[in-house]
Amino acid sequence: MVCEDSTMFSPSISAIEVLNSMADGKKYITSEELKKHNNPDDLWISIMGKVYNVTVWAKEHPGGDIPLLNLAGQDVTDAFIAFHPGTAWKYLDKLFTGYHLKDYKVSEVSKDYRKLASEFAKAGMFEKKGHGVIYSLCFVSLLLSACVYGVLCSGSFWIHMLAGAILGLAWMQIAYLGHDAGHYQMMATRGWNKFAGIFIGNCITGISIAWWKWTHNAHHIACNSLDYDPDLQHLPMLAVSSKLFNSLTSVFYGRQLTFDPLARFFVSYQHYSYYPIMCVARVNLYLQTILLLISKRKIPDRGLNILGTLIFWTWFPLLVSRLPNWPERVAFVLVSFCVTGIQHVQFTLNHFAANVYVGPPKGNDWFEKQTNGTIDIACSSWMDWFFGGLQFQLEHHLFPRLPRCHLRSISPIVRDLCKKHNLPYLSLSFFDANVMTLKTLRTAALEARDLTNPAPQNLLWEAFNTHG
């Protein structure tokens, strides 16, 4: 940790910074000076105009180091407000460098956003989680019980297929619960919340909650950045923009997203292969979980994540093995994957057809980036359970800690705020969102077909190491 006194003699501070003080007795640096502290060994950020050294803290940050690295050397006030409760502010004091940002300014959009967040906090909305978690847990338990009963107590092929579909629906609902656990404490204590995340994530679905947090936090911070947001990095199978044809370097994965002949072939037909890919996308998530858990990367609760994943790969194969023959087993798995594929489609609808950009996220346009990079799915309130609240994608991105039971109620407020500042608020029906996504994929596909064949390379491994 770095305290105020220690930064007075920090070798990373230039003479300009030391001399740049004002009559009020405070020490100041400019935004340009702050930008110089933007690497893992010298990582500074500004919150409400106060400058903090988070170089050491980044390694212990509960949200991982990726969000801090992506926003290094910037004012990150809006992102900090979005992801942290009021109790987090007291921990900043020991990271304060003693410097303030000389040219700290707040845009009118940010002022309104912060005011809105403050009003929600005063109303206790971040703590009022409703009874949705209890209802969801009961519903999931019923679905899983029905699936097991259908497999073990019936000899009918169609009952077995129905059981597979029910399992897929259960996995969808469990994913929403895991999402809730990852963003805010849906349980009474942090320990129970961690248990819930690993149990419903690793044990029941086979997808590591550690993997989800690693990728999902990066997605929120760098929403729809082609080189920083892992949720748009699907080469060689899919490309949402021709900008990816330039073989961008993924800052998240630390490797080049090479657009070679293999990628060109797949992308050229992606508007046809999109739905089939979504049907089996779960396989890639299993692979991504395994790759992360066996990697050298520092992973919180690695042992528990591995144990939970092993539990899944124990009960799921055992359940499938109780089916009478291999054709039924394969069909059962495919049906469950295809039903869950609806959720994969939903997640991509929220972002694939939205605006994209290349480069790191900026801390001073948080609200604008979220509005440009997200698409809401319009539906009746009785369908909220099916979409897990994430049909209100913009509302969720702006207030990720807000329990899903409040997202519908704040939607008109967010819409009005977007209208006030002339920012997009795109809400489409599920059908229209599918059409728009297919048009986006088709546009990129046709552009890929018009390209001259690049030099061939053997990158088949990338086909298996594509983020789902």
# chains A, B, ... in the order shown; residues from 1 in each chain; ligands from 1

$ closest_atom_pairs --of "stretch 279-350 of chain A" --to "stretch 416-439 of chain A" --cutoff "9 Å" --atoms "only C-alpha atoms" --output "tab-separated table"
residue	atom	partner	partner_atom	distance
A:Val345	CA	A:Asn434	CA	8.3
A:Gln346	CA	A:Phe430	CA	8.2
A:Thr348	CA	A:Thr437	CA	8.1
A:Leu349	CA	A:Ala433	CA	6.0
A:Asn350	CA	A:Ala433	CA	8.1

$ write_last_selection --atoms "all heavy atoms" --output "PDB file, in the first residue's frame"
ATOM      1  N   VAL A 345     -27.690 -16.380 -27.679  1.00  0.00           N
ATOM      2  CA  VAL A 345     -28.222 -15.452 -28.670  1.00  0.00           C
ATOM      3  C   VAL A 345     -28.593 -14.136 -27.998  1.00  0.00           C
ATOM      4  O   VAL A 345     -28.250 -13.052 -28.485  1.00  0.00           O
ATOM      5  CB  VAL A 345     -29.446 -16.060 -29.387  1.00  0.00           C
ATOM      6  CG1 VAL A 345     -30.164 -14.989 -30.217  1.00  0.00           C
ATOM      7  CG2 VAL A 345     -29.027 -17.216 -30.278  1.00  0.00           C
ATOM      8  N   GLN A 346     -29.287 -14.224 -26.863  1.00  0.00           N
ATOM      9  CA  GLN A 346     -29.699 -13.015 -26.157  1.00  0.00           C
ATOM     10  C   GLN A 346     -28.504 -12.135 -25.805  1.00  0.00           C
ATOM     11  O   GLN A 346     -28.525 -10.918 -26.014  1.00  0.00           O
ATOM     12  CB  GLN A 346     -30.444 -13.376 -24.873  1.00  0.00           C
ATOM     13  CG  GLN A 346     -30.821 -12.155 -24.032  1.00  0.00           C
ATOM     14  CD  GLN A 346     -31.166 -12.496 -22.598  1.00  0.00           C
ATOM     15  OE1 GLN A 346     -31.439 -13.652 -22.285  1.00  0.00           O
ATOM     16  NE2 GLN A 346     -31.156 -11.511 -21.720  1.00  0.00           N
ATOM     17  N   THR A 348     -25.603 -11.951 -27.200  1.00  0.00           N
ATOM     18  CA  THR A 348     -24.998 -11.325 -28.379  1.00  0.00           C
ATOM     19  C   THR A 348     -25.893 -10.242 -28.969  1.00  0.00           C
ATOM     20  O   THR A 348     -25.399  -9.249 -29.510  1.00  0.00           O
ATOM     21  CB  THR A 348     -24.669 -12.374 -29.456  1.00  0.00           C
ATOM     22  OG1 THR A 348     -25.862 -13.093 -29.810  1.00  0.00           O
ATOM     23  CG2 THR A 348     -23.625 -13.363 -28.955  1.00  0.00           C
ATOM     24  N   LEU A 349     -27.217 -10.418 -28.856  1.00  0.00           N
ATOM     25  CA  LEU A 349     -28.130  -9.386 -29.350  1.00  0.00           C
ATOM     26  C   LEU A 349     -27.908  -8.061 -28.634  1.00  0.00           C
ATOM     27  O   LEU A 349     -28.090  -6.987 -29.222  1.00  0.00           O
ATOM     28  CB  LEU A 349     -29.584  -9.811 -29.153  1.00  0.00           C
ATOM     29  CG  LEU A 349     -30.087 -11.048 -29.898  1.00  0.00           C
ATOM     30  CD1 LEU A 349     -31.571 -11.259 -29.620  1.00  0.00           C
ATOM     31  CD2 LEU A 349     -29.828 -10.950 -31.386  1.00  0.00           C
ATOM     32  N   ASN A 350     -27.510  -8.130 -27.377  1.00  0.00           N
ATOM     33  CA  ASN A 350     -27.317  -6.922 -26.582  1.00  0.00           C
ATOM     34  C   ASN A 350     -26.145  -6.072 -27.052  1.00  0.00           C
ATOM     35  O   ASN A 350     -26.056  -4.888 -26.690  1.00  0.00           O
ATOM     36  CB  ASN A 350     -27.110  -7.273 -25.108  1.00  0.00           C
ATOM     37  CG  ASN A 350     -28.353  -7.817 -24.434  1.00  0.00           C
ATOM     38  OD1 ASN A 350     -28.291  -8.761 -23.669  1.00  0.00           O
ATOM     39  ND2 ASN A 350     -29.493  -7.221 -24.722  1.00  0.00           N
TER      40      ASN A 350
END

$ select_by_dssp --residues "stretch 198-268 of chain A" --states "strand (DSSP E or B)" --output "PyMOL selection string"
chain A and resi 225+249-250+255-256

$ atom_distance --atom1 "atom CA of A:Gly197" --atom2 "atom CA of A:Thr309"
12.0 Å

$ residues_around --residues "A:Ala196" --least-positions-apart "2" --cutoff "10 Å" --atoms "only C-alpha atoms" --output "list in words"
Leu177, Gly178, Asp180, Ala181, Gly182, Gln185, Met186, Met187, Arg190, Gly191, Trp192, Asn193, Lys194, Ile198, Phe199, Ile200, Gly201, Asn202, Cys203 and Ile209 of chain A

$ closest_atom_pairs --of "stretch 221-330 of chain A" --to "stretch 364-374 of chain A" --cutoff "10 Å" --atoms "only C-alpha atoms" --output "tab-separated table"
residue	atom	partner	partner_atom	distance
A:Ile221	CA	A:Trp366	CA	8.5
A:Ala222	CA	A:Lys369	CA	8.3
A:Cys223	CA	A:Gly373	CA	6.0
A:Asn224	CA	A:Gly373	CA	5.5
A:Ser225	CA	A:Gly373	CA	8.6

$ write_last_selection --atoms "N, CA, C and O atoms" --output "mmCIF file, in the first residue's frame"
data_model
loop_
_atom_site.group_PDB
_atom_site.id
_atom_site.type_symbol
_atom_site.label_atom_id
_atom_site.label_comp_id
_atom_site.auth_asym_id
_atom_site.auth_seq_id
_atom_site.Cartn_x
_atom_site.Cartn_y
_atom_site.Cartn_z
ATOM 1 N N ILE A 221 -16.146 -2.719 -18.402
ATOM 2 C CA ILE A 221 -15.275 -1.548 -18.429
ATOM 3 C C ILE A 221 -15.021 -1.071 -19.856
ATOM 4 O O ILE A 221 -15.007 0.127 -20.133
ATOM 5 N N ALA A 222 -14.832 -2.014 -20.772
ATOM 6 C CA ALA A 222 -14.474 -1.666 -22.152
ATOM 7 C C ALA A 222 -15.582 -2.076 -23.114
ATOM 8 O O ALA A 222 -15.323 -2.673 -24.155
ATOM 9 N N CYS A 223 -16.791 -1.754 -22.773
ATOM 10 C CA CYS A 223 -17.957 -2.198 -23.541
ATOM 11 C C CYS A 223 -17.830 -1.892 -25.030
ATOM 12 O O CYS A 223 -17.756 -0.731 -25.428
ATOM 13 N N ASN A 224 -17.771 -2.963 -25.828
ATOM 14 C CA ASN A 224 -17.731 -2.911 -27.291
ATOM 15 C C ASN A 224 -16.463 -2.312 -27.878
ATOM 16 O O ASN A 224 -16.462 -1.837 -29.022
ATOM 17 N N SER A 225 -15.365 -2.351 -27.123
ATOM 18 C CA SER A 225 -14.066 -2.048 -27.715
ATOM 19 C C SER A 225 -13.554 -3.320 -28.385
ATOM 20 O O SER A 225 -13.439 -4.366 -27.739
#

$ residues_around --residues "A:Arg297" --least-positions-apart "6" --cutoff "12 Å" --atoms "only C-alpha atoms" --output "PyMOL selection string"
chain A and resi 59+64-65+210-211+214+253+291

$ write_last_selection --atoms "N, CA and C atoms" --output "PDB file, in the first residue's frame"
ATOM      1  N   LYS A  59      -3.155  -5.850  -7.632  1.00  0.00           N
ATOM      2  CA  LYS A  59      -2.953  -7.303  -7.506  1.00  0.00           C
ATOM      3  C   LYS A  59      -3.941  -7.939  -6.539  1.00  0.00           C
ATOM      4  N   GLY A  64     -10.343  -7.843  -9.932  1.00  0.00           N
ATOM      5  CA  GLY A  64      -9.249  -8.179 -10.824  1.00  0.00           C
ATOM      6  C   GLY A  64      -8.449  -6.962 -11.250  1.00  0.00           C
ATOM      7  N   ASP A  65      -7.306  -7.192 -11.862  1.00  0.00           N
ATOM      8  CA  ASP A  65      -6.444  -6.085 -12.271  1.00  0.00           C
ATOM      9  C   ASP A  65      -6.814  -5.503 -13.632  1.00  0.00           C
ATOM     10  N   ALA A 210     -14.933 -17.840 -11.593  1.00  0.00           N
ATOM     11  CA  ALA A 210     -13.688 -17.067 -11.712  1.00  0.00           C
ATOM     12  C   ALA A 210     -13.474 -16.637 -13.156  1.00  0.00           C
ATOM     13  N   TRP A 211     -13.749 -17.545 -14.093  1.00  0.00           N
ATOM     14  CA  TRP A 211     -13.630 -17.188 -15.515  1.00  0.00           C
ATOM     15  C   TRP A 211     -14.633 -16.096 -15.863  1.00  0.00           C
ATOM     16  N   TRP A 214     -13.537 -12.701 -14.526  1.00  0.00           N
ATOM     17  CA  TRP A 214     -12.360 -12.233 -15.264  1.00  0.00           C
ATOM     18  C   TRP A 214     -12.771 -11.574 -16.579  1.00  0.00           C
ATOM     19  N   TYR A 253      -6.547 -10.787 -24.074  1.00  0.00           N
ATOM     20  CA  TYR A 253      -5.908 -12.099 -24.176  1.00  0.00           C
ATOM     21  C   TYR A 253      -4.396 -12.017 -24.395  1.00  0.00           C
ATOM     22  N   LEU A 291      -9.096 -23.991 -19.521  1.00  0.00           N
ATOM     23  CA  LEU A 291      -7.862 -23.284 -19.869  1.00  0.00           C
ATOM     24  C   LEU A 291      -7.466 -22.287 -18.786  1.00  0.00           C
TER      25      LEU A 291
END

$ select_by_dssp --residues "stretch 278-403 of chain A" --states "alpha helix (DSSP H)" --output "ChimeraX atom specification"
/A:278-279,281-293,302-321,326-349,366-373,384-387,393-398

$ atom_distance --atom1 "atom CA of A:Thr440" --atom2 "atom CA of A:Ser241"
7.8 Å

$ closest_atom_pairs --of "stretch 293-388 of chain A" --to "stretch 145-149 of chain A" --cutoff "10 Å" --atoms "only C-alpha atoms" --output "JSON lines"
{"residue": "A:Leu319", "atom": "CA", "partner": "A:Val148", "partner_atom": "CA", "distance": 7.5}
{"residue": "A:Val320", "atom": "CA", "partner": "A:Val148", "partner_atom": "CA", "distance": 9.8}
{"residue": "A:Arg322", "atom": "CA", "partner": "A:Val148", "partner_atom": "CA", "distance": 9.9}

$ write_last_selection --atoms "all heavy atoms" --output "CSV table (one decimal), in the first residue's frame"
chain,number,residue,atom,x,y,z
A,319,LEU,N,-25.4,-38.6,-15.1
A,319,LEU,CA,-26.8,-38.4,-15.5
A,319,LEU,C,-27.0,-38.9,-17.0
A,319,LEU,O,-28.0,-39.6,-17.3
A,319,LEU,CB,-27.3,-37.0,-15.3
A,319,LEU,CG,-28.7,-36.7,-15.7
A,319,LEU,CD1,-29.7,-37.3,-14.8
A,319,LEU,CD2,-28.9,-35.1,-15.7
A,320,VAL,N,-26.2,-38.4,-17.8
A,320,VAL,CA,-26.3,-38.8,-19.2
A,320,VAL,C,-26.1,-40.3,-19.4
A,320,VAL,O,-26.8,-40.9,-20.3
A,320,VAL,CB,-25.2,-38.0,-20.1
A,320,VAL,CG1,-25.2,-38.5,-21.5
A,320,VAL,CG2,-25.5,-36.5,-20.0
A,322,ARG,N,-27.2,-42.6,-17.7
A,322,ARG,CA,-28.4,-43.4,-17.4
A,322,ARG,C,-29.4,-43.5,-18.5
A,322,ARG,O,-30.3,-44.3,-18.4
A,322,ARG,CB,-29.0,-42.8,-16.2
A,322,ARG,CG,-28.2,-42.7,-14.9
A,322,ARG,CD,-27.8,-44.2,-14.5
A,322,ARG,NE,-28.9,-45.0,-14.2
A,322,ARG,CZ,-29.5,-45.2,-13.0
A,322,ARG,NH1,-29.0,-44.5,-12.0
A,322,ARG,NH2,-30.5,-46.0,-12.9

$ residues_around --residues "stretch 124-139 of chain A" --least-positions-apart "3" --cutoff "9 Å" --atoms "only C-alpha atoms" --output "ChimeraX atom specification"
/A:85,119-121,142-144,170,173-174,177,180,184-187,385,401-406

$ residues_around --residues "A:Phe332" --least-positions-apart "4" --cutoff "12 Å" --atoms "only C-alpha atoms" --output "PyMOL selection string"
chain A and resi 147+150-151+157-168+316-317+319-328+336-339

$ decode --residues "stretch 42-123 of chain A" --atoms "C-alpha atoms" --output "JSON list (two decimals), in the first residue's frame"
[["chain", "number", "residue", "atom", "x", "y", "z"],
["A", 42, "ASP", "CA", 3.26, 2.56, -12.00],
["A", 43, "LEU", "CA", -0.52, 2.64, -11.95],
["A", 44, "TRP", "CA", -2.37, 5.76, -10.86],
["A", 45, "ILE", "CA", -6.03, 6.72, -11.21],
["A", 46, "SER", "CA", -8.14, 9.71, -10.20],
["A", 47, "ILE", "CA", -11.49, 9.58, -8.39],
["A", 48, "MET", "CA", -13.40, 12.81, -7.78],
["A", 49, "GLY", "CA", -10.24, 14.71, -8.65],
["A", 50, "LYS", "CA", -8.07, 12.98, -6.05],
["A", 51, "VAL", "CA", -5.17, 10.90, -7.36],
["A", 52, "TYR", "CA", -4.55, 7.38, -6.05],
["A", 53, "ASN", "CA", -1.65, 4.98, -6.50],
["A", 54, "VAL", "CA", -3.16, 1.53, -7.05],
["A", 55, "THR", "CA", -0.01, -0.21, -8.29],
["A", 56, "VAL", "CA", 0.08, -2.65, -5.38],
["A", 57, "TRP", "CA", -3.66, -2.74, -4.81],
["A", 58, "ALA", "CA", -4.32, -3.87, -8.40],
["A", 59, "LYS", "CA", -2.95, -7.30, -7.51],
["A", 60, "GLU", "CA", -5.48, -7.64, -4.67],
["A", 61, "HIS", "CA", -8.42, -5.86, -6.27],
["A", 62, "PRO", "CA", -11.56, -8.06, -5.88],
["A", 63, "GLY", "CA", -12.61, -7.14, -9.41],
["A", 64, "GLY", "CA", -9.25, -8.18, -10.82],
["A", 65, "ASP", "CA", -6.44, -6.08, -12.27],
["A", 66, "ILE", "CA", -7.90, -5.81, -15.79],
["A", 67, "PRO", "CA", -10.37, -2.97, -15.02],
["A", 68, "LEU", "CA", -7.63, -0.93, -13.33],
["A", 69, "LEU", "CA", -5.13, -1.54, -16.11],
["A", 70, "ASN", "CA", -7.67, -0.61, -18.79],
["A", 71, "LEU", "CA", -8.44, 2.70, -17.07],
["A", 72, "ALA", "CA", -4.93, 3.47, -15.81],
["A", 73, "GLY", "CA", -3.82, 7.10, -15.86],
["A", 74, "GLN", "CA", -7.36, 8.46, -16.06],
["A", 75, "ASP", "CA", -10.15, 9.82, -13.91],
["A", 76, "VAL", "CA", -12.41, 6.83, -13.25],
["A", 77, "THR", "CA", -15.05, 8.37, -10.99],
["A", 78, "ASP", "CA", -18.11, 7.16, -12.90],
["A", 79, "ALA", "CA", -16.80, 3.59, -13.22],
["A", 80, "PHE", "CA", -15.92, 3.57, -9.52],
["A", 81, "ILE", "CA", -19.42, 4.73, -8.59],
["A", 82, "ALA", "CA", -20.95, 2.10, -10.86],
["A", 83, "PHE", "CA", -19.09, -0.86, -9.38],
["A", 84, "HIS", "CA", -18.55, 0.02, -5.72],
["A", 85, "PRO", "CA", -20.87, 0.53, -2.75],
["A", 86, "GLY", "CA", -20.54, 3.59, -0.54],
["A", 87, "THR", "CA", -18.51, 1.59, 1.98],
["A", 88, "ALA", "CA", -15.66, 1.30, -0.53],
["A", 89, "TRP", "CA", -14.75, 4.99, -0.35],
["A", 90, "LYS", "CA", -13.09, 4.67, 3.05],
["A", 91, "TYR", "CA", -10.48, 2.27, 1.64],
["A", 92, "LEU", "CA", -9.20, 4.89, -0.78],
["A", 93, "ASP", "CA", -7.50, 7.02, 1.87],
["A", 94, "LYS", "CA", -4.48, 4.74, 2.25],
["A", 95, "LEU", "CA", -3.96, 4.85, -1.54],
["A", 96, "PHE", "CA", -4.06, 8.66, -1.81],
["A", 97, "THR", "CA", -0.90, 10.11, -3.31],
["A", 98, "GLY", "CA", -1.44, 13.57, -1.87],
["A", 99, "TYR", "CA", -2.12, 14.95, -5.35],
["A", 100, "HIS", "CA", -5.27, 16.41, -6.82],
["A", 101, "LEU", "CA", -6.14, 16.69, -10.51],
["A", 102, "LYS", "CA", -5.60, 20.28, -11.55],
["A", 103, "ASP", "CA", -7.84, 20.21, -14.61],
["A", 104, "TYR", "CA", -10.54, 17.96, -13.14],
["A", 105, "LYS", "CA", -13.87, 18.63, -14.83],
["A", 106, "VAL", "CA", -17.24, 16.93, -14.72],
["A", 107, "SER", "CA", -19.43, 16.80, -17.82],
["A", 108, "GLU", "CA", -23.14, 17.50, -17.61],
["A", 109, "VAL", "CA", -23.87, 13.86, -18.42],
["A", 110, "SER", "CA", -21.67, 12.67, -15.57],
["A", 111, "LYS", "CA", -23.28, 15.12, -13.17],
["A", 112, "ASP", "CA", -26.71, 13.71, -13.97],
["A", 113, "TYR", "CA", -25.44, 10.14, -13.80],
["A", 114, "ARG", "CA", -23.85, 10.65, -10.39],
["A", 115, "LYS", "CA", -26.96, 12.39, -9.10],
["A", 116, "LEU", "CA", -29.08, 9.46, -10.27],
["A", 117, "ALA", "CA", -26.75, 6.93, -8.63],
["A", 118, "SER", "CA", -26.90, 8.92, -5.41],
["A", 119, "GLU", "CA", -30.69, 8.98, -5.47],
["A", 120, "PHE", "CA", -30.86, 5.23, -6.00],
["A", 121, "ALA", "CA", -28.44, 4.70, -3.10],
["A", 122, "LYS", "CA", -30.44, 6.97, -0.78],
["A", 123, "ALA", "CA", -33.59, 5.04, -1.67]]
